[in-house]
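Worksheet for the structure shown next.
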Amino acid sequence: MATNRLSIVVPAHNEERYIAQCLAALLAQKSEIHEILVVDNNSTDRTAQIIEAIAAGEPLVRRIVEPRPGVAFARNAGFDAATGDLIGRIDADTRVRPGWAHTVRSFFARDDTAEVGAISGLSNSYDSPYRRLKQWYIDKRVAQGTFGGERRIDNLHGANMALRRSAWEQVRDAVSTDPKIHEDIDLALCLREADIEIAQLTELFADVSPRRAYTPPSEYEAYIRSGIDTFELHGRLTPQIRKLIRLQSRLHVIVYAAYRPYDRELGRFTLRRVIFGSRGRAMPIDMQERTTSP
């Protein structure tokens, strides 16, 4: 596995609350990592200073600046700059679990995975009041064989994934940078259209912030629309896929109602949150352009 060098790409935009812990989780397994590229996508808070401070003491960490707004541009800049044979991709609020990097390198080093160009993993939420319930659900689905187990899938979870550099080079000119498109779904569809397999691994586990759960349904609708647009872009939108995406929109109303009263800062449910809710984190699409487009 000596030649299986793993580069990690972390797109970041105003992530001062999360980036230090994200990098700490990666650096805890730095013996398995070739480099960590944090792509600063026009941050206006202390994100840049935090990255530079960590990089000053950790040669593996490097800050890249991508001025064009949008996670697709940030991802592309990081993937293009990566020098490893393998490229991991997580979000700035992701905290990979111990052994994450080893899992990536071990899987791609096997002789029986040559047809697999990308992998995606499973995740739970570290600041969620329903963490135990979600873990129970994940474990149940894994036991049933519907999650993980190296099953082949047609999607990628941008907060927890990796791919071969050769796979990226094969689809680099095909991926979209349209801010209204789901960049992870788009990448997955491009890979599958190139007959590159995607596997979902049980052991590739990460914890993420449940930012979408705190997004008001009116704003979440734009996120749902972008999923439809992504499948339409690839000519893959079927009535069944449209129905599943719309079902996700209706389920989000229930999820939002369950999360709205929870104060992440205090770690408990409060009456203030019941009344006023909380501000959702930025979604991985250009919400302003989506909501102002005809």
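Each chain in the structure tokens gets a letter, A, B, ..., in the order shown, and its residues are numbered from 1; ligands are numbered from 1 in order too.
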Identify, on the basis of only C-alpha atoms, every residue whose closest approach to A:Leu201 does not exceed 9 Å; exclude the query and any residue fewer than 4 positions from it along the same chain; express the result as an mmCIF file with N, CA, C and O atoms, in the first residue's frame.
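Contents of the output file selection.cif:
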```cif
data_model
loop_
_atom_site.group_PDB
_atom_site.id
_atom_site.type_symbol
_atom_site.label_atom_id
_atom_site.label_comp_id
_atom_site.auth_asym_id
_atom_site.auth_seq_id
_atom_site.Cartn_x
_atom_site.Cartn_y
_atom_site.Cartn_z
ATOM 1 N N THR A 103 -9.182 2.550 6.047
ATOM 2 C CA THR A 103 -10.245 1.866 5.301
ATOM 3 C C THR A 103 -10.184 2.222 3.824
ATOM 4 O O THR A 103 -10.304 1.346 2.950
ATOM 5 N N ILE A 119 -15.846 5.321 -3.557
ATOM 6 C CA ILE A 119 -16.526 4.722 -2.408
ATOM 7 C C ILE A 119 -17.212 5.810 -1.597
ATOM 8 O O ILE A 119 -16.796 6.961 -1.587
ATOM 9 N N SER A 120 -18.279 5.416 -0.938
ATOM 10 C CA SER A 120 -18.995 6.322 -0.047
ATOM 11 C C SER A 120 -19.263 5.559 1.238
ATOM 12 O O SER A 120 -19.279 4.320 1.243
ATOM 13 N N GLY A 121 -19.448 6.300 2.332
ATOM 14 C CA GLY A 121 -19.625 5.635 3.612
ATOM 15 C C GLY A 121 -20.929 5.990 4.292
ATOM 16 O O GLY A 121 -21.841 6.562 3.689
ATOM 17 N N LEU A 122 -21.011 5.649 5.563
ATOM 18 C CA LEU A 122 -22.186 5.912 6.374
ATOM 19 C C LEU A 122 -21.864 7.027 7.363
ATOM 20 O O LEU A 122 -20.704 7.317 7.627
ATOM 21 N N PHE A 147 -27.684 -1.263 3.712
ATOM 22 C CA PHE A 147 -26.664 -0.241 3.876
ATOM 23 C C PHE A 147 -25.306 -0.929 3.932
ATOM 24 O O PHE A 147 -25.170 -2.020 4.494
ATOM 25 N N GLY A 148 -24.289 -0.283 3.369
ATOM 26 C CA GLY A 148 -22.918 -0.756 3.533
ATOM 27 C C GLY A 148 -22.654 -2.117 2.914
ATOM 28 O O GLY A 148 -23.274 -2.508 1.920
ATOM 29 N N GLY A 149 -21.703 -2.828 3.500
ATOM 30 C CA GLY A 149 -21.379 -4.173 3.033
ATOM 31 C C GLY A 149 -20.757 -4.224 1.653
ATOM 32 O O GLY A 149 -20.814 -5.259 0.976
ATOM 33 N N GLU A 150 -20.201 -3.112 1.190
ATOM 34 C CA GLU A 150 -19.594 -3.012 -0.137
ATOM 35 C C GLU A 150 -20.603 -3.171 -1.261
ATOM 36 O O GLU A 150 -20.260 -3.504 -2.395
ATOM 37 N N ARG A 151 -21.870 -2.929 -0.956
ATOM 38 C CA ARG A 151 -22.906 -2.996 -1.998
ATOM 39 C C ARG A 151 -22.666 -1.881 -3.009
ATOM 40 O O ARG A 151 -22.157 -0.812 -2.692
ATOM 41 N N PHE A 205 -16.854 5.308 8.070
ATOM 42 C CA PHE A 205 -17.862 5.979 8.881
ATOM 43 C C PHE A 205 -17.377 7.359 9.314
ATOM 44 O O PHE A 205 -16.205 7.551 9.628
#
```
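Running DSSP on the backbone and keeping only strand (DSSP E), the residues of stretch 37-83 of chain A that qualify are Leu37, Val38, Val39, Asp40, Val61, Arg62, Arg63, Ile64 and Val65 of chain A.
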Would you mind telling me which residue in A:Ile181, A:Ala72, A:Ile153, A:Ala53 lies nearest to A:Asp229 when using only C-alpha atoms?
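Of A:Ile181, A:Ala72, A:Ile153, A:Ala53, the one nearest A:Asp229 is A:Ile181, counting only C-alpha atoms.
With only C-alpha atoms as the basis for measurement, A:Gly117 is the residue among A:Pro210, A:Gly267, A:Pro179, A:Gly117 that approaches A:Gly88 most closely.
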All helix (DSSP H, G or I) positions in stretch 94-214 of chain A, as a ChimeraX atom specification:
/A:100-109,111-113,131-144,165-171,183-193,211-214
So which residues touch A:Lys134 within 10 Å, counting only C-alpha atoms, skipping near sequence neighbours fewer than 6 positions away, as a list of chain:residue names?
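Using only C-alpha atoms, the neighbours found are A:Ser123, A:Asn124, A:Ser125, A:Ser128, A:Lys140.
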Find the residues near stretch 75-79 of chain A: any atom within 12 Å, counting only C-alpha atoms, skip ones fewer than 2 places away on the same chain, and give them as a PyMOL selection string.
chain A and resi 6-13+35-41+62-73+81-92+158-159+162-169+171-177+183-184+187+284
Atom CA of A:Ala143 to atom CA of A:Met161, distance in Å rounded to a single decimal:
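Interatomic distance, atom CA of A:Ala143 to atom CA of A:Met161: 21.5 Å.
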Write out as an MDAnalysis selection string each polymer residue whose atoms come within 10 Å of A:Leu271, counting only C-alpha atoms; drop sequence neighbours fewer than 5 positions from it.
chainID A and resid 261:263 276:277
With C-alpha atoms kept, could you save the residues just selected as a CSV table (one decimal), in the first residue's frame?
```csv
chain,number,residue,atom,x,y,z
A,261,PRO,CA,-36.8,23.0,19.5
A,262,TYR,CA,-33.3,21.8,20.0
A,263,ASP,CA,-30.6,24.3,21.0
A,276,PHE,CA,-38.0,31.2,17.1
A,277,GLY,CA,-36.3,28.2,15.7
```
Find the residue from A:Ala258, A:Arg46, A:Arg5, A:His34 that sits nearest to A:Val274; use only C-alpha atoms when measuring.
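With only C-alpha atoms as the atom set, the closest residue is A:Ala258.
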Mind checking which residues fall within 12 Å of A:Ile241, counting only C-alpha atoms, ignoring those fewer than 6 positions away in the same chain, and posting them as an MDAnalysis selection string?
chainID A and resid 224 227:232 235 247:248
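What separates atom CA of A:Asn4 from atom CA of A:Ala206 is a distance of 21.1 Å.
Among the candidates A:Ala28, A:Asp154, A:Tyr214, A:Tyr220, the residue lying nearest to A:Leu191 is A:Asp154 (atoms considered: only C-alpha atoms).
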